[in-house]
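Next comes target_29.cif, with mmCIF, C-alpha atoms and all ligand atoms.
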```
data_structure
#
loop_
_atom_site.label_atom_id
_atom_site.label_comp_id
_atom_site.auth_asym_id
_atom_site.auth_seq_id
_atom_site.Cartn_x
_atom_site.Cartn_y
_atom_site.Cartn_z
CA MET A 6 -123.90 76.27 -22.57
CA ARG A 7 -126.06 79.07 -24.00
CA THR A 8 -126.75 79.10 -27.73
CA ARG A 9 -127.18 81.80 -30.39
CA LYS A 10 -128.93 81.40 -33.75
CA LEU A 11 -126.59 81.48 -36.74
CA GLY A 12 -127.79 84.25 -39.05
CA TYR A 13 -130.89 83.28 -41.04
CA THR A 14 -130.37 79.53 -40.50
CA ASP A 15 -132.11 77.19 -38.07
CA LEU A 16 -128.76 76.23 -36.50
CA HIS A 17 -128.49 77.15 -32.83
CA LEU A 18 -124.77 77.12 -32.00
CA THR A 19 -123.33 77.09 -28.51
CA THR A 20 -121.36 80.28 -27.95
CA MET A 21 -118.17 78.22 -28.12
CA GLY A 22 -117.33 75.90 -31.01
CA LEU A 23 -114.52 73.33 -31.02
CA GLY A 24 -111.62 74.39 -33.26
CA THR A 25 -109.44 71.79 -34.96
CA TRP A 26 -106.61 73.61 -36.75
CA ALA A 27 -103.92 72.58 -34.23
CA ILE A 28 -105.05 68.95 -34.17
CA GLY A 29 -104.06 68.70 -37.83
CA GLY A 30 -100.53 68.30 -36.42
CA GLY A 31 -97.19 69.53 -37.72
CA GLU A 32 -96.67 67.80 -41.06
CA TRP A 33 -97.83 70.63 -43.33
CA GLN A 34 -97.13 74.27 -44.12
CA TRP A 35 -99.31 75.72 -41.34
CA GLY A 36 -98.80 72.96 -38.76
CA TRP A 37 -98.65 73.30 -34.98
CA GLY A 38 -95.91 70.76 -34.19
CA PRO A 39 -96.44 67.14 -33.13
CA GLN A 40 -99.98 66.20 -32.11
CA ASP A 41 -101.29 62.89 -30.77
CA ASP A 42 -104.60 61.89 -32.41
CA ALA A 43 -105.73 60.09 -29.22
CA GLU A 44 -105.38 63.39 -27.31
CA SER A 45 -107.22 65.27 -30.06
CA ILE A 46 -110.08 62.79 -29.93
CA ALA A 47 -110.22 62.99 -26.14
CA ALA A 48 -110.24 66.81 -26.28
CA LEU A 49 -113.15 66.90 -28.73
CA HIS A 50 -115.13 64.31 -26.73
CA ARG A 51 -114.55 66.35 -23.56
CA GLY A 52 -115.75 69.50 -25.31
CA LEU A 53 -118.96 67.76 -26.34
CA GLU A 54 -119.44 66.42 -22.79
CA LEU A 55 -119.06 69.99 -21.51
CA GLY A 56 -122.05 70.99 -23.62
CA ILE A 57 -120.47 72.40 -26.80
CA ASN A 58 -122.63 71.40 -29.77
CA TRP A 59 -120.47 72.13 -32.81
CA ILE A 60 -117.07 71.52 -34.36
CA ASP A 61 -115.22 73.68 -36.89
CA THR A 62 -112.73 71.92 -39.14
CA ALA A 63 -111.27 72.23 -42.65
CA ALA A 64 -109.96 69.94 -45.34
CA ALA A 65 -106.63 71.77 -45.17
CA TYR A 66 -105.96 71.19 -41.44
CA GLY A 67 -103.22 68.58 -41.53
CA LEU A 68 -104.17 67.93 -45.20
CA GLY A 69 -107.24 65.87 -44.27
CA ARG A 70 -106.03 64.65 -40.89
CA ALA A 71 -108.23 66.91 -38.73
CA GLU A 72 -111.37 65.94 -40.68
CA GLU A 73 -110.54 62.25 -40.17
CA VAL A 74 -110.14 62.83 -36.43
CA VAL A 75 -113.48 64.67 -36.34
CA GLY A 76 -115.05 61.77 -38.25
CA LYS A 77 -113.97 59.36 -35.49
CA VAL A 78 -115.36 61.65 -32.78
CA ILE A 79 -118.79 62.18 -34.34
CA ALA A 80 -119.25 58.58 -35.49
CA ASP A 81 -121.58 57.91 -32.52
CA HIS A 82 -123.07 61.42 -32.22
CA GLN A 83 -123.92 62.43 -35.78
CA ASP A 84 -127.40 63.69 -34.93
CA GLU A 85 -126.22 65.72 -31.95
CA VAL A 86 -123.16 67.53 -33.31
CA ILE A 87 -123.22 70.35 -35.85
CA VAL A 88 -120.22 70.06 -38.17
CA ALA A 89 -118.71 72.95 -40.10
CA THR A 90 -115.88 72.40 -42.55
CA LYS A 91 -114.20 74.36 -45.35
CA CYS A 92 -113.02 74.17 -48.93
CA GLY A 93 -110.84 76.31 -51.17
CA LEU A 94 -107.36 75.49 -49.84
CA CYS A 95 -105.91 72.61 -51.84
CA TRP A 96 -102.67 70.66 -51.97
CA ASP A 97 -100.96 68.36 -54.43
CA GLU A 98 -99.94 64.80 -53.68
CA GLY A 99 -96.52 64.66 -52.00
CA CYS A 100 -96.65 68.40 -51.12
CA THR A 101 -97.11 69.96 -47.72
CA ASP A 102 -98.02 73.47 -48.99
CA VAL A 103 -101.57 74.64 -49.66
CA TYR A 104 -102.89 77.06 -52.30
CA GLY A 105 -106.24 78.63 -53.13
CA ARG A 106 -108.47 76.96 -55.72
CA LEU A 107 -112.22 77.52 -56.15
CA THR A 108 -113.00 76.13 -59.59
CA GLY A 109 -116.35 74.33 -59.68
CA GLN A 110 -114.82 70.92 -60.28
CA SER A 111 -112.36 71.39 -57.42
CA VAL A 112 -115.07 72.45 -54.95
CA ARG A 113 -117.20 69.44 -55.89
CA THR A 114 -114.26 67.02 -55.44
CA GLU A 115 -113.31 68.67 -52.14
CA CYS A 116 -116.87 68.30 -50.84
CA GLU A 117 -116.95 64.57 -51.70
CA ASP A 118 -113.56 64.10 -49.97
CA SER A 119 -114.77 65.93 -46.84
CA LEU A 120 -118.00 63.90 -46.69
CA ARG A 121 -115.91 60.70 -46.86
CA ARG A 122 -113.33 61.79 -44.26
CA LEU A 123 -116.03 63.03 -41.87
CA GLY A 124 -118.16 59.92 -42.49
CA VAL A 125 -121.37 61.96 -42.92
CA ASP A 126 -124.04 62.22 -45.63
CA VAL A 127 -124.46 65.97 -45.26
CA ILE A 128 -122.24 68.83 -44.03
CA ASP A 129 -124.14 71.29 -41.82
CA LEU A 130 -122.08 74.36 -42.72
CA TYR A 131 -119.67 74.43 -45.70
CA GLN A 132 -117.39 77.47 -45.75
CA VAL A 133 -115.03 78.90 -48.34
CA HIS A 134 -111.82 78.98 -46.30
CA TRP A 135 -110.06 81.89 -48.04
CA PRO A 136 -110.93 84.01 -51.08
CA HIS A 137 -107.40 83.55 -52.50
CA ASP A 138 -108.70 82.30 -55.87
CA GLU A 139 -110.70 85.50 -56.47
CA GLU A 140 -111.16 84.75 -60.14
CA HIS A 141 -113.30 81.70 -59.35
CA LEU A 142 -115.31 83.03 -56.36
CA GLU A 143 -118.63 83.04 -58.23
CA GLU A 144 -117.95 79.71 -59.96
CA GLY A 145 -117.04 77.93 -56.71
CA TRP A 146 -119.97 79.49 -54.84
CA GLY A 147 -122.35 78.45 -57.62
CA VAL A 148 -121.28 74.83 -57.18
CA ILE A 149 -121.77 75.14 -53.40
CA ALA A 150 -125.34 76.31 -54.12
CA ASP A 151 -125.78 73.21 -56.34
CA LEU A 152 -124.44 70.95 -53.56
CA ILE A 153 -127.09 72.41 -51.23
CA LYS A 154 -129.82 71.50 -53.76
CA GLU A 155 -128.31 68.01 -53.99
CA GLY A 156 -128.58 67.61 -50.19
CA LYS A 157 -124.83 67.32 -49.53
CA ILE A 158 -124.58 70.63 -47.65
CA ARG A 159 -127.12 72.38 -45.40
CA TYR A 160 -125.80 75.92 -45.32
CA ALA A 161 -122.94 77.80 -46.96
CA GLY A 162 -120.62 80.32 -45.33
CA VAL A 163 -117.44 82.23 -46.06
CA SER A 164 -114.23 82.90 -44.15
CA ASN A 165 -111.70 85.73 -44.37
CA PHE A 166 -113.92 87.61 -46.88
CA THR A 167 -114.29 91.38 -47.21
CA VAL A 168 -117.73 93.00 -47.47
CA GLU A 169 -117.20 93.37 -51.24
CA GLN A 170 -116.41 89.67 -51.61
CA ILE A 171 -119.47 88.71 -49.52
CA LYS A 172 -121.67 90.85 -51.80
CA ARG A 173 -120.34 89.06 -54.88
CA VAL A 174 -121.41 85.61 -53.67
CA GLN A 175 -124.52 86.81 -51.81
CA ALA A 176 -126.01 87.68 -55.20
CA ILE A 177 -125.85 83.96 -56.16
CA HIS A 178 -126.93 82.27 -52.90
CA PRO A 179 -127.50 83.65 -49.36
CA VAL A 180 -124.43 83.63 -47.14
CA ALA A 181 -125.24 81.94 -43.83
CA SER A 182 -122.08 82.89 -41.96
CA LEU A 183 -118.76 84.68 -41.95
CA GLN A 184 -115.72 83.26 -40.14
CA PRO A 185 -113.25 86.11 -39.52
CA PRO A 186 -110.32 86.48 -37.10
CA TYR A 187 -111.28 88.36 -33.93
CA SER A 188 -109.43 88.88 -30.68
CA MET A 189 -108.21 91.70 -28.47
CA LEU A 190 -105.14 91.78 -30.76
CA GLU A 191 -107.00 91.66 -34.10
CA ARG A 192 -110.04 93.95 -34.16
CA GLY A 193 -110.37 94.70 -37.88
CA VAL A 194 -113.77 93.00 -38.05
CA GLU A 195 -115.28 95.72 -35.85
CA GLU A 196 -114.80 98.36 -38.57
CA GLU A 197 -117.29 97.18 -41.17
CA LEU A 198 -117.89 93.42 -41.21
CA LEU A 199 -119.79 92.98 -37.92
CA GLY A 200 -122.29 95.70 -38.85
CA TYR A 201 -122.70 94.38 -42.39
CA CYS A 202 -123.33 90.82 -41.17
CA ALA A 203 -125.87 91.92 -38.54
CA ALA A 204 -127.75 94.03 -41.12
CA ASN A 205 -127.87 91.11 -43.58
CA ASP A 206 -128.73 88.27 -41.16
CA ILE A 207 -125.34 86.63 -41.61
CA GLY A 208 -124.01 84.74 -38.57
CA VAL A 209 -120.46 85.43 -37.37
CA VAL A 210 -118.27 82.66 -35.96
CA VAL A 211 -114.98 84.23 -34.98
CA TYR A 212 -111.65 82.41 -34.97
CA SER A 213 -108.50 82.54 -32.82
CA PRO A 214 -110.14 84.42 -29.91
CA MET A 215 -107.08 83.64 -27.75
CA GLN A 216 -104.81 84.70 -30.64
CA THR A 217 -103.60 81.11 -31.20
CA GLY A 218 -102.62 80.77 -27.53
CA MET A 219 -100.95 84.16 -26.95
CA LEU A 220 -103.92 85.34 -24.84
CA THR A 221 -104.01 82.26 -22.62
CA GLY A 222 -101.45 83.88 -20.34
CA LYS A 223 -98.99 80.98 -20.47
CA TYR A 224 -96.54 82.23 -23.13
CA THR A 225 -93.11 83.57 -22.19
CA LYS A 226 -90.16 84.24 -24.52
CA GLU A 227 -88.57 80.98 -23.30
CA LEU A 228 -91.69 78.94 -24.02
CA ILE A 229 -91.92 80.41 -27.54
CA ASP A 230 -88.22 79.58 -28.15
CA SER A 231 -88.93 76.00 -27.10
CA LEU A 232 -91.78 75.53 -29.63
CA PRO A 233 -90.88 72.94 -32.26
CA ASP A 234 -89.67 74.28 -35.62
CA ASN A 235 -92.76 72.89 -37.37
CA ASP A 236 -95.07 75.02 -35.18
CA TRP A 237 -95.91 77.93 -37.56
CA ARG A 238 -96.36 80.37 -34.67
CA LYS A 239 -92.64 80.33 -33.81
CA GLU A 240 -91.55 82.11 -37.01
CA SER A 241 -94.72 83.29 -38.77
CA SER A 242 -97.09 84.78 -36.17
CA PRO A 243 -96.44 88.51 -35.65
CA HIS A 244 -98.05 88.16 -32.21
CA PHE A 245 -95.30 85.76 -31.12
CA GLN A 246 -92.46 88.06 -32.35
CA GLU A 247 -91.16 91.45 -31.30
CA PRO A 248 -92.20 94.23 -31.16
CA GLY A 249 -95.69 92.81 -30.56
CA LEU A 250 -94.57 90.08 -28.19
CA SER A 251 -93.45 92.28 -25.27
CA ALA A 252 -96.59 94.43 -25.61
CA ASN A 253 -98.75 91.29 -25.65
CA MET A 254 -97.11 89.84 -22.55
CA ALA A 255 -97.53 93.18 -20.76
CA LEU A 256 -101.21 93.22 -21.76
CA VAL A 257 -101.73 89.67 -20.46
CA ASP A 258 -100.21 90.67 -17.09
CA LYS A 259 -102.70 93.53 -16.83
CA LEU A 260 -105.64 91.37 -17.90
CA ARG A 261 -104.89 88.86 -15.15
CA PRO A 262 -106.37 90.91 -12.25
CA ILE A 263 -109.56 91.53 -14.27
CA ALA A 264 -109.92 87.79 -14.83
CA GLU A 265 -109.07 87.00 -11.22
CA ARG A 266 -111.57 89.44 -9.67
CA ASN A 267 -114.20 87.41 -11.57
CA GLY A 268 -112.72 84.07 -10.48
CA LYS A 269 -111.72 83.34 -14.09
CA THR A 270 -108.57 82.97 -16.22
CA VAL A 271 -107.06 85.21 -18.91
CA ALA A 272 -107.94 82.60 -21.57
CA GLN A 273 -111.59 82.70 -20.47
CA LEU A 274 -111.51 86.52 -20.45
CA ALA A 275 -110.23 86.59 -24.04
CA ILE A 276 -113.13 84.39 -25.19
CA ALA A 277 -115.81 86.19 -23.15
CA TRP A 278 -114.52 89.49 -24.59
CA VAL A 279 -115.29 88.54 -28.21
CA LEU A 280 -118.69 87.18 -27.11
CA ARG A 281 -119.61 90.60 -25.63
CA ARG A 282 -120.58 91.66 -29.16
CA PRO A 283 -124.16 90.65 -30.04
CA GLU A 284 -123.22 90.36 -33.73
CA VAL A 285 -120.91 87.45 -32.82
CA THR A 286 -122.77 84.14 -32.87
CA ALA A 287 -119.92 82.10 -31.39
CA ALA A 288 -116.19 81.91 -30.75
CA ILE A 289 -114.23 78.99 -32.20
CA VAL A 290 -111.75 77.82 -29.59
CA GLY A 291 -108.85 75.45 -30.24
CA SER A 292 -107.84 72.70 -27.77
CA ARG A 293 -105.13 70.09 -28.15
CA ARG A 294 -105.99 68.05 -25.05
CA PRO A 295 -108.95 67.64 -22.66
CA SER A 296 -107.49 69.87 -19.94
CA GLN A 297 -107.40 72.80 -22.37
CA ILE A 298 -111.10 72.71 -23.19
CA GLU A 299 -111.89 72.17 -19.50
CA GLY A 300 -109.92 75.36 -18.89
CA THR A 301 -111.75 77.45 -21.49
CA ALA A 302 -115.35 76.12 -21.50
CA PRO A 303 -116.58 78.31 -18.58
CA ALA A 304 -116.13 81.32 -20.91
CA GLY A 305 -119.13 80.26 -22.99
CA ASP A 306 -121.59 81.42 -20.32
CA TRP A 307 -119.61 84.38 -18.95
CA GLU A 308 -121.04 87.85 -19.59
CA LEU A 309 -118.55 90.65 -18.94
CA THR A 310 -119.77 93.67 -16.97
CA PRO A 311 -119.59 97.21 -18.44
CA GLU A 312 -116.80 97.88 -15.92
CA ASP A 313 -114.76 94.89 -17.15
CA ILE A 314 -115.23 96.01 -20.77
CA ALA A 315 -114.21 99.59 -20.01
CA ASP A 316 -111.11 98.44 -18.13
CA ILE A 317 -110.09 96.20 -21.06
CA ASP A 318 -110.71 99.01 -23.57
CA ALA A 319 -108.30 101.21 -21.59
CA LEU A 320 -105.64 98.47 -21.60
CA LEU A 321 -106.00 97.92 -25.35
CA ALA A 322 -105.68 101.66 -26.01
CA GLU A 323 -102.55 101.72 -23.83
CA ARG A 324 -101.07 98.83 -25.83
CA GLU A 325 -101.80 100.64 -29.12
CA ARG A 326 -100.03 103.76 -27.83
CA ALA A 327 -97.01 101.70 -26.73
CA LEU A 328 -96.72 100.15 -30.20
CA SER A 329 -97.24 103.33 -32.23
N1 LIG A 401 -110.97 80.27 -41.12
C1 LIG A 401 -109.70 80.45 -40.85
O1 LIG A 401 -108.90 80.91 -41.67
C2 LIG A 401 -109.21 80.06 -39.48
C3 LIG A 401 -107.97 80.54 -39.03
C4 LIG A 401 -107.60 80.21 -37.73
C5 LIG A 401 -108.41 79.42 -36.94
N2 LIG A 401 -109.59 78.94 -37.42
C6 LIG A 401 -110.48 78.08 -36.59
O2 LIG A 401 -110.63 78.64 -35.31
C7 LIG A 401 -110.16 77.71 -34.32
C8 LIG A 401 -109.64 78.44 -33.10
O3 LIG A 401 -108.54 79.25 -33.42
P1 LIG A 401 -107.04 78.81 -33.08
O4 LIG A 401 -107.00 77.36 -32.77
O5 LIG A 401 -106.23 79.36 -34.20
O6 LIG A 401 -106.65 79.70 -31.83
P2 LIG A 401 -107.18 79.88 -30.34
O7 LIG A 401 -108.45 79.18 -30.12
O8 LIG A 401 -107.09 81.34 -30.08
O9 LIG A 401 -105.98 79.16 -29.53
C9 LIG A 401 -105.93 77.76 -29.46
C10 LIG A 401 -104.61 77.31 -28.85
O10 LIG A 401 -104.40 77.85 -27.55
C11 LIG A 401 -103.77 76.88 -26.70
N3 LIG A 401 -104.74 76.63 -25.60
C12 LIG A 401 -106.05 76.28 -25.71
N4 LIG A 401 -106.64 76.17 -24.51
C13 LIG A 401 -105.69 76.45 -23.60
C14 LIG A 401 -105.71 76.49 -22.18
N5 LIG A 401 -106.82 76.23 -21.48
N6 LIG A 401 -104.55 76.83 -21.55
C15 LIG A 401 -103.43 77.11 -22.26
N7 LIG A 401 -103.35 77.07 -23.61
C16 LIG A 401 -104.48 76.74 -24.28
C17 LIG A 401 -103.53 75.64 -27.57
O11 LIG A 401 -102.26 75.69 -28.23
P3 LIG A 401 -100.85 75.43 -27.51
O12 LIG A 401 -101.10 74.55 -26.32
O13 LIG A 401 -100.00 74.81 -28.55
O14 LIG A 401 -100.38 76.82 -27.14
C18 LIG A 401 -104.60 75.79 -28.64
O15 LIG A 401 -104.31 75.10 -29.82
C19 LIG A 401 -109.14 76.85 -35.09
O16 LIG A 401 -108.82 75.65 -34.43
C20 LIG A 401 -109.89 76.67 -36.39
O17 LIG A 401 -110.93 75.73 -36.24
C21 LIG A 401 -110.00 79.27 -38.68
#
```

Rewrite the coordinates I just gave you, this time as C-alpha cells.
Amino acid sequence: MRTRKLGYTDLHLTTMGLGTWAIGGGEWQWGWGPQDDAESIAALHRGLELGINWIDTAAAYGLGRAEEVVGKVIADHQDEVIVATKCGLCWDEGCTDVYGRLTGQSVRTECEDSLRRLGVDVIDLYQVHWPHDEEHLEEGWGVIADLIKEGKIRYAGVSNFTVEQIKRVQAIHPVASLQPPYSMLERGVEEELLGYCAANDIGVVVYSPMQTGMLTGKYTKELIDSLPDNDWRKESSPHFQEPGLSANMALVDKLRPIAERNGKTVAQLAIAWVLRRPEVTAAIVGSRRPSQIEGTAPAGDWELTPEDIADIDALLAERERALS
C-alpha cells in the first residue's frame, strides 16, 4: 500500500491505518457491543498482512482492552508496525464512564500504563485524545514533551483539537499530527484545520471515514434496530437516527453506482474520498473481523478521478439541501 509522510516526522504511514475503537468491546460507555478478542487479533493480523503498517489505539478503548489486544498482535512485529495511542480520557476503578484529565501526573501514569499494555519500550505517536480538560492542556503537553526526551514517546499529536488549541500546545513542543473526524457526512475539518495543518507541517490522520459503518452500505433501519443496546451507535450517533438516517441511506444508494463503475464498494469509496485530499496523511479504518479489512484495504491505493469527485460533490450538496 502507498505511504505518505506524517507531517515533519520521519514516519511514513500507509494511507490506511488500523482502527481499534470497536475492538474495545461493549463493556464501557462508548462500547460497540460484544466483541471476540480472537476475531480482533485476526483482523489486525490480516490488516498487517495486507500491507498496512500502522495501528491506532487508545487507552480508553474498552478501558485498556484494545491496547492489550494490540500488544498481543505486535508482540512478534514490534520493529515493523508503527503504533499510535492516546491519553487524556480516564476512568475510575469500577466505573465504565470516561472523563477528560490532562494533569501532568495523570499523563505520565497513563503513558506508563499504555507502554505496559502494549508491551513496548517506546510509543511511536502519542496523541491527546480530546481537549476536554482545557485547563491542563499546557501542563499535560509539557509532560508529553518530557516523555519524548526520556525516550518513552517518539512523536506527539493531538486529536479533536481546534486551531486555537493546537497553537497553545505548539508553542511548547511541535505537534506532529492531528486526528480529526472526517467523512462525507462530517466535513468540518475542511474549513480551517486541513489548511492550517498543511501550512505548519502537521500530519493529518482522519478517523471514522466510513462514519462508524454508516457509509459501508450495509445499514438498514432493521439492522440498526437489531444492534445490541451496548452499541453506542444505536442511541447516540446522529448519523444512525432520523432525520439524518434516511438521507444517509439515500446517499449510499446513489454512491453505489459510482463505486460499481470502478469495480469497488461504497465502503472503499468512502475511504478513497477522504484520501483525495493531499493534506490527509492517512485514513484510520475500523475492522472487527478479517473479512472487514479485506473488504476495505483496496481503498488505500485507489485514486478517485475528477469525474468521481464531482459526482460525489453533487450528491453531498443534494443531501444538504434535503436536510435543510
Ligand atoms: N480520536 C478520536 O476521538 C476517534 C474517534 C473515532 C474513531 N477513532 C479512530 O478511528 C478508527 C476508525 O473509525 P471508526 O472505527 O469509528 O469508524 P469507521 O472506520 O468509519 O467504521 C468502522 C466500522 O465499520 C464496520 N465495517 C468495517 N469494515 C466493514 C466492511 N468491509 N463491511 C461492512 N462493515 C464494515 C465495522 O462495524 P460494524 O460491523 O459493527 O458495523 C467497523 O467497526 C477507530 O477505530 C479509532 O481507532 C478515533

Next item on the list: Figure out the distance between CA of Leu190 in chain A and CA of Ser329 in chain A, please, to one decimal in Å.
Entry: 14.1 Å

Each side padded by 8 Å, which centre and which edge lengths in Å (one decimal) define the axis-aligned box around the listed atoms of range 321-327 of chain A? Give them as AutoDock Vina command-line options.
```
--center_x -101.5 --center_y 100.8 --center_z -26.5 --size_x 25.0 --size_y 21.8 --size_z 21.3
```

Within 8 Å of ligand LIG 401 (chain A), counting only C-alpha atoms and all ligand atoms, residues as a JSON list (two decimals) with C-alpha atoms, in the frame of the given file:
```json
[["chain", "number", "residue", "atom", "x", "y", "z"],
["A", 23, "LEU", "CA", -114.52, 73.33, -31.02],
["A", 24, "GLY", "CA", -111.62, 74.39, -33.26],
["A", 25, "THR", "CA", -109.44, 71.79, -34.96],
["A", 26, "TRP", "CA", -106.61, 73.61, -36.75],
["A", 27, "ALA", "CA", -103.92, 72.58, -34.23],
["A", 28, "ILE", "CA", -105.05, 68.95, -34.17],
["A", 37, "TRP", "CA", -98.65, 73.30, -34.98],
["A", 60, "ILE", "CA", -117.07, 71.52, -34.36],
["A", 61, "ASP", "CA", -115.22, 73.68, -36.89],
["A", 62, "THR", "CA", -112.73, 71.92, -39.14],
["A", 63, "ALA", "CA", -111.27, 72.23, -42.65],
["A", 91, "LYS", "CA", -114.20, 74.36, -45.35],
["A", 134, "HIS", "CA", -111.82, 78.98, -46.30],
["A", 135, "TRP", "CA", -110.06, 81.89, -48.04],
["A", 164, "SER", "CA", -114.23, 82.90, -44.15],
["A", 165, "ASN", "CA", -111.70, 85.73, -44.37],
["A", 184, "GLN", "CA", -115.72, 83.26, -40.14],
["A", 185, "PRO", "CA", -113.25, 86.11, -39.52],
["A", 186, "PRO", "CA", -110.32, 86.48, -37.10],
["A", 188, "SER", "CA", -109.43, 88.88, -30.68],
["A", 211, "VAL", "CA", -114.98, 84.23, -34.98],
["A", 212, "TYR", "CA", -111.65, 82.41, -34.97],
["A", 213, "SER", "CA", -108.50, 82.54, -32.82],
["A", 214, "PRO", "CA", -110.14, 84.42, -29.91],
["A", 215, "MET", "CA", -107.08, 83.64, -27.75],
["A", 216, "GLN", "CA", -104.81, 84.70, -30.64],
["A", 217, "THR", "CA", -103.60, 81.11, -31.20],
["A", 218, "GLY", "CA", -102.62, 80.77, -27.53],
["A", 219, "MET", "CA", -100.95, 84.16, -26.95],
["A", 220, "LEU", "CA", -103.92, 85.34, -24.84],
["A", 221, "THR", "CA", -104.01, 82.26, -22.62],
["A", 222, "GLY", "CA", -101.45, 83.88, -20.34],
["A", 223, "LYS", "CA", -98.99, 80.98, -20.47],
["A", 224, "TYR", "CA", -96.54, 82.23, -23.13],
["A", 272, "ALA", "CA", -107.94, 82.60, -21.57],
["A", 288, "ALA", "CA", -116.19, 81.91, -30.75],
["A", 289, "ILE", "CA", -114.23, 78.99, -32.20],
["A", 290, "VAL", "CA", -111.75, 77.82, -29.59],
["A", 291, "GLY", "CA", -108.85, 75.45, -30.24],
["A", 292, "SER", "CA", -107.84, 72.70, -27.77],
["A", 293, "ARG", "CA", -105.13, 70.09, -28.15],
["A", 296, "SER", "CA", -107.49, 69.87, -19.94],
["A", 297, "GLN", "CA", -107.40, 72.80, -22.37],
["A", 298, "ILE", "CA", -111.10, 72.71, -23.19],
["A", 299, "GLU", "CA", -111.89, 72.17, -19.50],
["A", 300, "GLY", "CA", -109.92, 75.36, -18.89],
["A", 301, "THR", "CA", -111.75, 77.45, -21.49]]
```

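Within a radius of 9 Å around (-111.6, 61.1, -43.6), the polymer residues are A:Gly69, A:Arg70, A:Ala71, A:Glu72, A:Glu73, A:Val74, A:Val75, A:Gly76, A:Lys77, A:Asp118, A:Ser119, A:Leu120, A:Arg121, A:Arg122, A:Leu123, A:Gly124, counting all atoms listed in the file.
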
Margin query: Report, in Å with one decimal, the straight-line distance from CA of Val285 in chain A to CA of Ile171 in chain A.
Written below: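 Atom-to-atom, CA of Val285 in chain A and CA of Ile171 in chain A are spaced 16.8 Å apart.
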
Notebook entry, point to check: Residues at most 12 Å from Pro248 in chain A, counting all atoms listed in the file, excluding those fewer than 3 positions away in the same chain, as a list in words?
Noted result: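 Answer for this query is Ser242, Pro243, His244, Phe245, Ser251, Ala252, Asn253, Met254, Ala255, Arg324, Glu325, Ala327, Leu328 and Ser329 of chain A.
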
Note to self: Which residues are close to Glu85 in chain A, i.e. within 9 Å by only C-alpha atoms, leaving aside same-chain residues fewer than 4 positions away? Reply as a VMD selection string.
What the structure shows: chain A and resid 58 to 59 79

Any chance you could export the current selection's C-alpha atoms as an mmCIF file, keeping the file's coordinate frame?
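Done, and the output landed in out_9.cif:
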```
data_model
loop_
_atom_site.group_PDB
_atom_site.id
_atom_site.type_symbol
_atom_site.label_atom_id
_atom_site.label_comp_id
_atom_site.auth_asym_id
_atom_site.auth_seq_id
_atom_site.Cartn_x
_atom_site.Cartn_y
_atom_site.Cartn_z
ATOM 1 C CA ASN A 58 -122.630 71.400 -29.770
ATOM 2 C CA TRP A 59 -120.470 72.130 -32.810
ATOM 3 C CA ILE A 79 -118.790 62.180 -34.340
#
```

Notebook entry, point to check: Hey, which of A:Leu320, A:Glu308, A:Lys172, A:Gly105 ends up closest to Glu143 in chain A? Count all atoms listed in the file.
Noted result: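 Closest to Glu143 in chain A of all the choices is A:Lys172.
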
Item checked: Residue list as a list of chain:residue names for point (-119.8, 92.8, -37.6), cut-off 10 Å, all atoms listed in the file ->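 Checked against the point, the hits come out as A:Leu183, A:Pro185, A:Gly193, A:Val194, A:Glu195, A:Glu196, A:Glu197, A:Leu198, A:Leu199, A:Gly200, A:Tyr201, A:Cys202, A:Ala203, A:Ala204, A:Ile207, A:Gly208, A:Val209, A:Arg282, A:Pro283, A:Glu284, A:Val285.
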
Excluding Cys116 in chain A and residues on its chain fewer than 4 positions from it, collect all residues at most 12 Å away from it, counting only C-alpha atoms, and give them as an mmCIF file with C-alpha atoms, in the frame of the given file.
```cif
data_model
loop_
_atom_site.group_PDB
_atom_site.id
_atom_site.type_symbol
_atom_site.label_atom_id
_atom_site.label_comp_id
_atom_site.auth_asym_id
_atom_site.auth_seq_id
_atom_site.Cartn_x
_atom_site.Cartn_y
_atom_site.Cartn_z
ATOM 1 C CA ALA A 63 -111.270 72.230 -42.650
ATOM 2 C CA ALA A 64 -109.960 69.940 -45.340
ATOM 3 C CA GLY A 69 -107.240 65.870 -44.270
ATOM 4 C CA GLU A 72 -111.370 65.940 -40.680
ATOM 5 C CA ALA A 89 -118.710 72.950 -40.100
ATOM 6 C CA THR A 90 -115.880 72.400 -42.550
ATOM 7 C CA LYS A 91 -114.200 74.360 -45.350
ATOM 8 C CA CYS A 92 -113.020 74.170 -48.930
ATOM 9 C CA GLY A 93 -110.840 76.310 -51.170
ATOM 10 C CA LEU A 94 -107.360 75.490 -49.840
ATOM 11 C CA CYS A 95 -105.910 72.610 -51.840
ATOM 12 C CA LEU A 107 -112.220 77.520 -56.150
ATOM 13 C CA GLY A 109 -116.350 74.330 -59.680
ATOM 14 C CA GLN A 110 -114.820 70.920 -60.280
ATOM 15 C CA SER A 111 -112.360 71.390 -57.420
ATOM 16 C CA VAL A 112 -115.070 72.450 -54.950
ATOM 17 C CA LEU A 120 -118.000 63.900 -46.690
ATOM 18 C CA ARG A 121 -115.910 60.700 -46.860
ATOM 19 C CA ARG A 122 -113.330 61.790 -44.260
ATOM 20 C CA LEU A 123 -116.030 63.030 -41.870
ATOM 21 C CA GLY A 124 -118.160 59.920 -42.490
ATOM 22 C CA VAL A 125 -121.370 61.960 -42.920
ATOM 23 C CA ASP A 126 -124.040 62.220 -45.630
ATOM 24 C CA VAL A 127 -124.460 65.970 -45.260
ATOM 25 C CA ILE A 128 -122.240 68.830 -44.030
ATOM 26 C CA ASP A 129 -124.140 71.290 -41.820
ATOM 27 C CA LEU A 130 -122.080 74.360 -42.720
ATOM 28 C CA TYR A 131 -119.670 74.430 -45.700
ATOM 29 C CA GLN A 132 -117.390 77.470 -45.750
ATOM 30 C CA VAL A 133 -115.030 78.900 -48.340
ATOM 31 C CA GLY A 145 -117.040 77.930 -56.710
ATOM 32 C CA VAL A 148 -121.280 74.830 -57.180
ATOM 33 C CA ILE A 149 -121.770 75.140 -53.400
ATOM 34 C CA ASP A 151 -125.780 73.210 -56.340
ATOM 35 C CA LEU A 152 -124.440 70.950 -53.560
ATOM 36 C CA ILE A 153 -127.090 72.410 -51.230
ATOM 37 C CA GLU A 155 -128.310 68.010 -53.990
ATOM 38 C CA GLY A 156 -128.580 67.610 -50.190
ATOM 39 C CA LYS A 157 -124.830 67.320 -49.530
ATOM 40 C CA ILE A 158 -124.580 70.630 -47.650
ATOM 41 C CA ALA A 161 -122.940 77.800 -46.960
#
```
